[in-house]
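**Q** Structure file final.cif (mmCIF, C-alpha atoms) is given on the next line.
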data_start
#
loop_
_atom_site.label_atom_id
_atom_site.label_comp_id
_atom_site.auth_asym_id
_atom_site.auth_seq_id
_atom_site.Cartn_x
_atom_site.Cartn_y
_atom_site.Cartn_z
CA MET A 60 52.32 -130.90 22.17
CA SER A 61 50.32 -128.26 24.00
CA SER A 62 49.59 -130.69 26.85
CA LEU A 63 53.28 -131.51 27.15
CA SER A 64 54.14 -127.81 27.17
CA LEU A 65 51.50 -127.17 29.83
CA SER A 66 52.84 -130.04 31.92
CA HIS A 67 56.38 -128.72 31.57
CA ALA A 68 55.31 -125.19 32.59
CA TRP A 69 53.45 -126.61 35.60
CA LYS A 70 56.59 -128.42 36.76
CA ILE A 71 58.68 -125.28 36.35
CA HIS A 72 56.25 -123.30 38.51
CA LEU A 73 56.25 -126.02 41.18
CA GLN A 74 60.04 -126.29 41.19
CA GLU A 75 60.42 -122.52 41.46
CA THR A 76 57.95 -122.45 44.36
CA TRP A 77 59.79 -125.25 46.13
CA SER A 78 63.12 -123.47 45.63
CA GLU A 79 61.64 -120.27 47.07
CA TRP A 80 60.30 -122.21 50.05
CA LEU A 81 63.70 -123.77 50.75
CA LYS A 82 65.43 -120.41 50.46
CA LEU A 83 63.13 -118.66 52.92
CA THR A 84 62.90 -121.49 55.46
CA ARG A 85 66.69 -121.40 55.70
CA MET A 86 66.48 -117.73 56.77
CA PRO A 87 65.44 -117.75 60.45
CA MET A 88 65.61 -113.95 60.58
CA PHE A 89 62.68 -113.95 58.15
CA VAL A 90 60.75 -116.98 59.33
CA LEU A 91 60.73 -116.43 63.10
CA PRO A 92 59.57 -112.80 63.23
CA THR A 93 57.05 -113.38 60.46
CA LEU A 94 55.39 -116.25 62.30
CA LEU A 95 55.97 -115.42 65.95
CA PHE A 96 55.14 -111.72 66.13
CA PRO A 97 51.40 -112.05 65.26
CA TRP A 98 51.06 -115.06 67.60
CA MET A 99 52.85 -113.36 70.51
CA PHE A 100 50.98 -110.09 70.09
CA TYR A 101 47.65 -111.90 69.99
CA LEU A 102 48.50 -114.16 72.92
CA PHE A 103 49.52 -111.16 75.01
CA PHE A 104 46.91 -108.54 74.00
CA GLY A 105 44.11 -110.72 72.68
CA VAL A 106 44.11 -113.56 75.19
CA MET A 107 45.76 -112.32 78.38
CA PHE A 108 44.21 -108.85 78.31
CA GLY A 109 41.47 -109.18 75.71
CA ARG A 110 38.99 -111.58 77.24
CA GLY A 111 35.34 -110.65 77.35
CA ALA A 112 32.99 -108.60 75.18
CA GLY A 113 34.23 -110.27 72.01
CA ASN A 114 37.71 -108.73 72.30
CA ALA A 115 39.46 -112.06 71.68
CA GLU A 116 37.51 -112.47 68.43
CA TYR A 117 38.10 -108.88 67.36
CA LEU A 118 41.84 -108.95 68.03
CA MET A 119 42.21 -112.35 66.36
CA VAL A 120 40.95 -110.75 63.15
CA SER A 121 43.05 -107.60 63.54
CA TYR A 122 46.27 -109.51 64.26
CA GLY A 123 45.38 -111.94 61.48
CA THR A 124 45.25 -108.99 59.09
CA PHE A 125 48.55 -107.70 60.46
CA GLY A 126 50.07 -111.16 60.13
CA VAL A 127 49.21 -111.84 56.48
CA ILE A 128 50.46 -108.46 55.29
CA GLY A 129 53.99 -109.15 56.55
CA PRO A 130 54.91 -112.10 54.27
CA ALA A 131 53.50 -110.28 51.26
CA LEU A 132 55.48 -107.09 51.83
CA PHE A 133 58.73 -108.64 53.04
CA GLY A 134 58.63 -111.69 50.76
CA PHE A 135 58.29 -109.52 47.68
CA GLY A 136 59.94 -106.30 48.78
CA VAL A 137 63.09 -107.73 50.31
CA GLY A 138 63.12 -110.80 48.05
CA VAL A 139 62.91 -108.89 44.76
CA ALA A 140 65.40 -106.24 45.93
CA SER A 141 67.89 -108.92 47.02
CA ASP A 142 67.48 -110.98 43.84
CA ARG A 143 67.91 -107.88 41.70
CA GLN A 144 71.04 -106.70 43.51
CA GLN A 145 72.67 -110.14 43.42
CA GLY A 146 71.97 -110.51 39.69
CA LEU A 147 69.63 -113.45 40.23
CA LEU A 148 66.70 -111.58 38.69
CA GLN A 149 68.72 -110.83 35.57
CA LEU A 150 69.76 -114.48 35.37
CA LYS A 151 66.16 -115.66 35.63
CA ARG A 152 65.14 -113.32 32.82
CA VAL A 153 67.53 -115.02 30.39
CA LEU A 154 66.78 -118.59 31.50
CA PRO A 155 64.32 -120.67 29.41
CA MET A 156 61.58 -120.29 32.01
CA PRO A 157 58.48 -118.07 32.13
CA MET A 158 58.94 -115.11 34.45
CA SER A 159 55.46 -115.87 35.74
CA ALA A 160 57.05 -118.77 37.66
CA TYR A 161 59.17 -116.30 39.65
CA PHE A 162 56.23 -114.18 40.75
CA ILE A 163 53.77 -117.03 41.24
CA ALA A 164 56.32 -118.79 43.45
CA LYS A 165 56.59 -115.71 45.66
CA ILE A 166 52.80 -115.37 45.82
CA GLY A 167 52.53 -119.05 46.72
CA ILE A 168 55.08 -118.75 49.52
CA SER A 169 53.37 -115.64 50.84
CA LEU A 170 50.10 -117.57 50.98
CA MET A 171 51.77 -120.54 52.68
CA PHE A 172 53.19 -118.35 55.43
CA SER A 173 49.84 -116.58 55.76
CA ILE A 174 48.03 -119.89 56.17
CA VAL A 175 50.44 -120.97 58.90
CA ILE A 176 49.99 -117.62 60.67
CA LEU A 177 46.19 -117.83 60.49
CA LEU A 178 46.11 -121.45 61.64
CA GLY A 179 48.31 -120.55 64.60
CA LEU A 180 46.10 -117.59 65.53
CA ALA A 181 42.95 -119.70 65.19
CA THR A 182 44.44 -122.40 67.43
CA ILE A 183 45.39 -119.87 70.12
CA ALA A 184 41.98 -118.21 69.83
CA VAL A 185 40.05 -121.46 70.25
CA LEU A 186 42.21 -123.04 72.94
CA PHE A 187 43.00 -120.00 75.06
CA GLY A 188 40.73 -117.16 73.95
CA GLY A 189 37.40 -118.94 74.01
CA VAL A 190 36.65 -117.97 70.41
CA ARG A 191 33.89 -119.99 68.77
CA LEU A 192 33.09 -119.36 65.12
CA GLY A 193 31.03 -121.39 62.69
CA LEU A 194 32.70 -123.27 59.84
CA THR A 195 31.37 -120.77 57.28
CA GLN A 196 32.84 -117.90 59.30
CA TRP A 197 36.26 -119.56 59.52
CA ILE A 198 36.30 -120.27 55.78
CA SER A 199 35.15 -116.74 54.92
CA LEU A 200 37.71 -115.16 57.24
CA PHE A 201 40.59 -117.20 55.86
CA ALA A 202 39.50 -116.56 52.26
CA ILE A 203 39.25 -112.79 52.73
CA LEU A 204 42.62 -112.49 54.42
CA LEU A 205 44.44 -114.77 51.99
CA VAL A 206 43.08 -113.08 48.87
CA GLY A 207 43.69 -109.76 50.62
CA THR A 208 47.44 -110.35 50.57
CA LEU A 209 47.56 -109.68 46.81
CA PRO A 210 47.46 -105.86 47.03
CA PHE A 211 50.42 -105.97 49.40
CA CYS A 212 52.27 -108.34 47.07
CA ALA A 213 51.89 -105.66 44.38
CA MET A 214 53.21 -103.04 46.78
CA GLY A 215 56.11 -105.33 47.68
CA VAL A 216 57.07 -105.79 44.03
CA PHE A 217 57.20 -102.03 43.54
CA ILE A 218 59.35 -101.56 46.65
CA GLY A 219 61.66 -104.40 45.61
CA ILE A 220 62.19 -102.94 42.15
CA ARG A 221 62.83 -99.43 43.44
CA SER A 222 64.96 -100.29 46.52
CA ASN A 223 68.19 -102.17 47.11
CA ALA A 224 68.64 -105.10 49.46
CA GLN A 225 69.91 -102.89 52.29
CA SER A 226 67.18 -100.25 52.16
CA ALA A 227 64.16 -102.44 51.35
CA PRO A 228 63.61 -103.74 54.93
CA ALA A 229 63.76 -100.20 56.32
CA VAL A 230 61.38 -98.86 53.68
CA ILE A 231 58.91 -101.67 54.35
CA ASN A 232 59.03 -101.19 58.12
CA LEU A 233 58.50 -97.45 57.72
CA LEU A 234 55.33 -98.22 55.75
CA TYR A 235 54.14 -101.43 57.40
CA LEU A 236 54.31 -100.58 61.10
CA PRO A 237 52.70 -97.10 61.05
CA MET A 238 50.07 -98.38 58.62
CA ALA A 239 49.26 -101.30 60.93
CA PHE A 240 48.85 -99.00 63.93
CA LEU A 241 46.84 -96.32 62.12
CA SER A 242 44.60 -98.96 60.51
CA GLY A 243 43.57 -100.28 63.91
CA LEU A 244 45.40 -103.59 63.65
CA TRP A 245 47.22 -103.32 66.99
CA ILE A 246 44.45 -101.70 68.99
CA PRO A 247 40.78 -101.37 67.97
CA ILE A 248 40.22 -98.51 65.55
CA PHE A 249 37.42 -97.04 67.66
CA ILE A 250 39.87 -96.46 70.54
CA LEU A 251 42.07 -94.20 68.41
CA PRO A 252 41.47 -90.43 68.42
CA ALA A 253 38.85 -89.23 65.94
CA ILE A 254 41.45 -87.60 63.67
CA LEU A 255 43.37 -90.88 63.38
CA GLN A 256 40.17 -92.77 62.63
CA LYS A 257 39.63 -90.43 59.68
CA ILE A 258 43.22 -90.89 58.50
CA ALA A 259 42.85 -94.70 58.62
CA VAL A 260 40.75 -94.78 55.44
CA ILE A 261 43.77 -93.91 53.29
CA PHE A 262 45.50 -97.18 54.21
CA PRO A 263 44.73 -100.46 52.38
CA ALA A 264 45.26 -102.41 55.61
CA TYR A 265 42.24 -100.64 57.10
CA HIS A 266 40.01 -101.70 54.21
CA LEU A 267 41.22 -105.31 54.33
CA ALA A 268 40.60 -105.39 58.09
CA GLN A 269 37.08 -104.03 57.65
CA LEU A 270 36.27 -106.75 55.12
CA ALA A 271 37.58 -109.34 57.58
CA PHE A 272 35.65 -107.79 60.49
CA SER A 273 32.45 -108.07 58.44
CA VAL A 274 32.61 -111.85 59.00
CA LEU A 275 32.04 -111.14 62.70
CA ASP A 276 29.70 -108.22 61.95
CA LYS A 277 32.18 -105.93 63.72
CA HIS A 278 33.13 -103.62 60.86
CA GLN A 279 32.74 -99.84 61.03
CA GLY A 280 29.58 -99.80 58.94
CA GLN A 281 30.96 -98.46 55.65
CA SER A 282 30.15 -100.08 52.33
CA LEU A 283 31.90 -103.44 51.93
CA MET A 284 31.95 -102.91 48.18
CA GLY A 285 33.74 -99.61 48.81
CA HIS A 286 36.44 -101.40 50.80
CA LEU A 287 36.85 -103.92 47.99
CA LEU A 288 37.08 -101.22 45.32
CA VAL A 289 39.78 -99.39 47.28
CA LEU A 290 41.86 -102.59 47.50
CA LEU A 291 41.38 -103.26 43.78
CA LEU A 292 42.44 -99.70 42.94
CA PHE A 293 45.45 -99.97 45.25
CA THR A 294 46.48 -103.23 43.55
CA ALA A 295 46.08 -101.80 40.07
CA VAL A 296 48.10 -98.67 40.86
CA PHE A 297 51.03 -100.56 42.36
CA LEU A 298 51.00 -103.17 39.61
CA MET A 299 51.19 -100.34 37.07
CA LEU A 300 54.04 -98.66 38.96
CA ALA A 301 55.84 -102.00 39.31
CA GLY A 302 55.35 -102.59 35.59
CA PHE A 303 57.03 -99.29 34.75
CA GLY A 304 59.94 -100.19 37.01
CA TRP A 305 60.18 -103.68 35.53
CA ARG A 306 60.37 -102.33 31.98
CA ALA A 307 63.09 -99.91 33.06
CA LEU A 308 65.11 -102.83 34.46
CA ARG A 309 64.58 -104.85 31.30
CA ASP A 310 65.69 -102.01 29.03
CA ARG A 311 68.98 -101.45 30.85
#
Could you show the structure in this file as structure tokens?

**A**
Amino acid sequence: MSSLSLSHAWKIHLQETWSEWLKLTRMPMFVLPTLLFPWMFYLFFGVMFGRGAGNAEYLMVSYGTFGVIGPALFGFGVGVASDRQQGLLQLKRVLPMPMSAYFIAKIGISLMFSIVILLGLATIAVLFGGVRLGLTQWISLFAILLVGTLPFCAMGVFIGIRSNAQSAPAVINLLYLPMAFLSGLWIPIFILPAILQKIAVIFPAYHLAQLAFSVLDKHQGQSLMGHLLVLLLFTAVFLMLAGFGWRALRDR
């Protein structure tokens, strides 16, 4: 019986993930910017103007970090806010399905988009940027950036629960874009003024980028364990805040 139940739960999670994939791929206003912006930025700044002295490698990592954060924030933030406002979230809560399927599906889709973004960046980097990394470096880089989306998924859940469908995109952009710039994801962190370099440490994107840069031995020199602990703390705080918001929704 338990094996049948496990098999049934597995199918529910897969079906929910597939439904989420179909929903998002039918929204070109989500798909095109999410995929194209990191590729275009890297092609323009990393390849056309970033050749030499390892700049193409460095900017591939920074735009890779920028790229994977987007699906996590927008997929959860806008998705949860929209589902909640349309009553779909309330419907799913009363259906005979585990709510874990809803959240795992969104995590899965976020990872799928992130993989596509990273593969596109890697292709551009190898073909046009002259980037040459070893297999272990590629695997490590992809693993760090993919796992590193989870803190931003937690942040997205919190935003989605606390915002409506109209305000969620604006709230995310107000957080995402300044954070990306101040974390050194658009231009190298060491080019920013000293005061901004000090401010960067408060942003989780900075710590994820530094972990990713460590694969190329281009991080700022701080403790890698410290970066990891900051991301874990960030995840825990936003999961706790999202949990409070979720219970408030459930008790209404």

**Q** For Glu79 in chain A, which of A:Phe240, A:Phe303, A:Tyr235, A:Phe135 is the closest residue, counting only C-alpha atoms?

**A**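 Between A:Phe240, A:Phe303, A:Tyr235, A:Phe135, the residue approaching Glu79 in chain A most closely is A:Phe135.
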
**Q** If we count only C-alpha atoms, what is near Asn114 in chain A at a cut-off of 12 Å, once residues fewer than 5 positions away on the same chain are taken out, given as a ChimeraX atom specification?

**A** /A:101,104-109,119-122,184,188-190,246-247,275,277

**Q** When the PyMOL selection byres ((chain A and resi 252-269) around 6) is applied to the file above, which residues end up in the set, as a PDB file with C-alpha atoms, keeping the file's coordinate frame?

**A**
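Output (selection-v3.pdb):
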ATOM      1  CA  THR A 124      45.250-108.990  59.090  1.00  0.00           C
ATOM      2  CA  LEU A 241      46.840 -96.320  62.120  1.00  0.00           C
ATOM      3  CA  SER A 242      44.600 -98.960  60.510  1.00  0.00           C
ATOM      4  CA  LEU A 251      42.070 -94.200  68.410  1.00  0.00           C
ATOM      5  CA  LEU A 270      36.270-106.750  55.120  1.00  0.00           C
ATOM      6  CA  ALA A 271      37.580-109.340  57.580  1.00  0.00           C
ATOM      7  CA  PHE A 272      35.650-107.790  60.490  1.00  0.00           C
ATOM      8  CA  HIS A 278      33.130-103.620  60.860  1.00  0.00           C
ATOM      9  CA  HIS A 286      36.440-101.400  50.800  1.00  0.00           C
TER      10      HIS A 286
END

**Q** Separation of CA of Ala213 in chain A and CA of Ala301 in chain A, in Å?

**A** 7.4 Å

**Q** Of the residues A:Ile163, A:Ala140, A:Ala131, A:Leu91, which is the one nearest to Leu73 in chain A, using all atoms listed in the file?

**A**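 Checking each of A:Ile163, A:Ala140, A:Ala131, A:Leu91 against Leu73 in chain A, counting all atoms listed in the file, the winner is A:Ile163.
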
**Q** Can you turn the PyMOL selection byres ((chain A and resi 174) around 12) into a concrete residue list for this file, as a PDB file with C-alpha atoms, in the coordinates of the input?

**A**
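Done, and the output landed in out.pdb:
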ATOM      1  CA  THR A  93      57.050-113.380  60.460  1.00  0.00           C
ATOM      2  CA  LEU A  94      55.390-116.250  62.300  1.00  0.00           C
ATOM      3  CA  GLY A 123      45.380-111.940  61.480  1.00  0.00           C
ATOM      4  CA  THR A 124      45.250-108.990  59.090  1.00  0.00           C
ATOM      5  CA  GLY A 126      50.070-111.160  60.130  1.00  0.00           C
ATOM      6  CA  VAL A 127      49.210-111.840  56.480  1.00  0.00           C
ATOM      7  CA  ILE A 128      50.460-108.460  55.290  1.00  0.00           C
ATOM      8  CA  PRO A 130      54.910-112.100  54.270  1.00  0.00           C
ATOM      9  CA  GLY A 167      52.530-119.050  46.720  1.00  0.00           C
ATOM     10  CA  ILE A 168      55.080-118.750  49.520  1.00  0.00           C
ATOM     11  CA  SER A 169      53.370-115.640  50.840  1.00  0.00           C
ATOM     12  CA  LEU A 170      50.100-117.570  50.980  1.00  0.00           C
ATOM     13  CA  MET A 171      51.770-120.540  52.680  1.00  0.00           C
ATOM     14  CA  PHE A 172      53.190-118.350  55.430  1.00  0.00           C
ATOM     15  CA  SER A 173      49.840-116.580  55.760  1.00  0.00           C
ATOM     16  CA  VAL A 175      50.440-120.970  58.900  1.00  0.00           C
ATOM     17  CA  ILE A 176      49.990-117.620  60.670  1.00  0.00           C
ATOM     18  CA  LEU A 177      46.190-117.830  60.490  1.00  0.00           C
ATOM     19  CA  LEU A 178      46.110-121.450  61.640  1.00  0.00           C
ATOM     20  CA  GLY A 179      48.310-120.550  64.600  1.00  0.00           C
ATOM     21  CA  LEU A 180      46.100-117.590  65.530  1.00  0.00           C
ATOM     22  CA  ALA A 181      42.950-119.700  65.190  1.00  0.00           C
ATOM     23  CA  ILE A 198      36.300-120.270  55.780  1.00  0.00           C
ATOM     24  CA  LEU A 200      37.710-115.160  57.240  1.00  0.00           C
ATOM     25  CA  PHE A 201      40.590-117.200  55.860  1.00  0.00           C
ATOM     26  CA  ALA A 202      39.500-116.560  52.260  1.00  0.00           C
ATOM     27  CA  ILE A 203      39.250-112.790  52.730  1.00  0.00           C
ATOM     28  CA  LEU A 204      42.620-112.490  54.420  1.00  0.00           C
ATOM     29  CA  LEU A 205      44.440-114.770  51.990  1.00  0.00           C
ATOM     30  CA  VAL A 206      43.080-113.080  48.870  1.00  0.00           C
ATOM     31  CA  THR A 208      47.440-110.350  50.570  1.00  0.00           C
TER      32      THR A 208
END

**Q** Smallest atom-to-atom distance to Met299 in chain A: which of A:Ala224, A:Leu283, A:Met214, A:Leu244, using all atoms listed in the file?

**A**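 Closest residue, counting all atoms listed in the file: A:Met214.
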
**Q** Hey, can you check how far CA of Gly302 in chain A sits from CA of Phe217 in chain A?

**A**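 Separating CA of Gly302 in chain A from CA of Phe217 in chain A is a distance of 8.2 Å.
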
**Q** Go through A:Trp245, A:Asn232, A:Trp197, A:Phe293 and flag the residue nearest Val274 in chain A, using only C-alpha atoms for the distances.

**A**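 With only C-alpha atoms as the atom set, the closest residue is A:Trp197.
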
**Q** Select, from A:Met284, A:Leu236, A:Ile248, A:Glu75, the residue with the minimum atom-to-atom distance to Lys151 in chain A, counting all atoms listed in the file.

**A** A:Glu75

**Q** Of the residues A:Phe211, A:Trp98, A:Trp69, A:Phe187, which is the one nearest to Gly134 in chain A, using only C-alpha atoms?

**A**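 Among the listed residues, A:Phe211 lies closest to Gly134 in chain A.
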
**Q** So how far away is CA of Val230 in chain A from CA of Gly136 in chain A, in Å?

**A**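 If I compute the distance from CA of Gly136 in chain A to CA of Val230 in chain A, I get 9.0 Å.
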
**Q** Could you give me, as a tab-separated table (two decimals) with C-alpha atoms, in the coordinates of the input, the residues that have an atom at most 9 Å away from the point (62.0, -107.0, 45.5) in the coordinates of the file, using only C-alpha atoms?

**A**
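Output contents, as saved in point00.tsv:
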chain	number	residue	atom	x	y	z
A	133	PHE	CA	58.73	-108.64	53.04
A	134	GLY	CA	58.63	-111.69	50.76
A	135	PHE	CA	58.29	-109.52	47.68
A	136	GLY	CA	59.94	-106.30	48.78
A	137	VAL	CA	63.09	-107.73	50.31
A	138	GLY	CA	63.12	-110.80	48.05
A	139	VAL	CA	62.91	-108.89	44.76
A	140	ALA	CA	65.40	-106.24	45.93
A	141	SER	CA	67.89	-108.92	47.02
A	142	ASP	CA	67.48	-110.98	43.84
A	143	ARG	CA	67.91	-107.88	41.70
A	215	GLY	CA	56.11	-105.33	47.68
A	216	VAL	CA	57.07	-105.79	44.03
A	217	PHE	CA	57.20	-102.03	43.54
A	218	ILE	CA	59.35	-101.56	46.65
A	219	GLY	CA	61.66	-104.40	45.61
A	220	ILE	CA	62.19	-102.94	42.15
A	221	ARG	CA	62.83	-99.43	43.44
A	222	SER	CA	64.96	-100.29	46.52
A	223	ASN	CA	68.19	-102.17	47.11
A	224	ALA	CA	68.64	-105.10	49.46
A	227	ALA	CA	64.16	-102.44	51.35
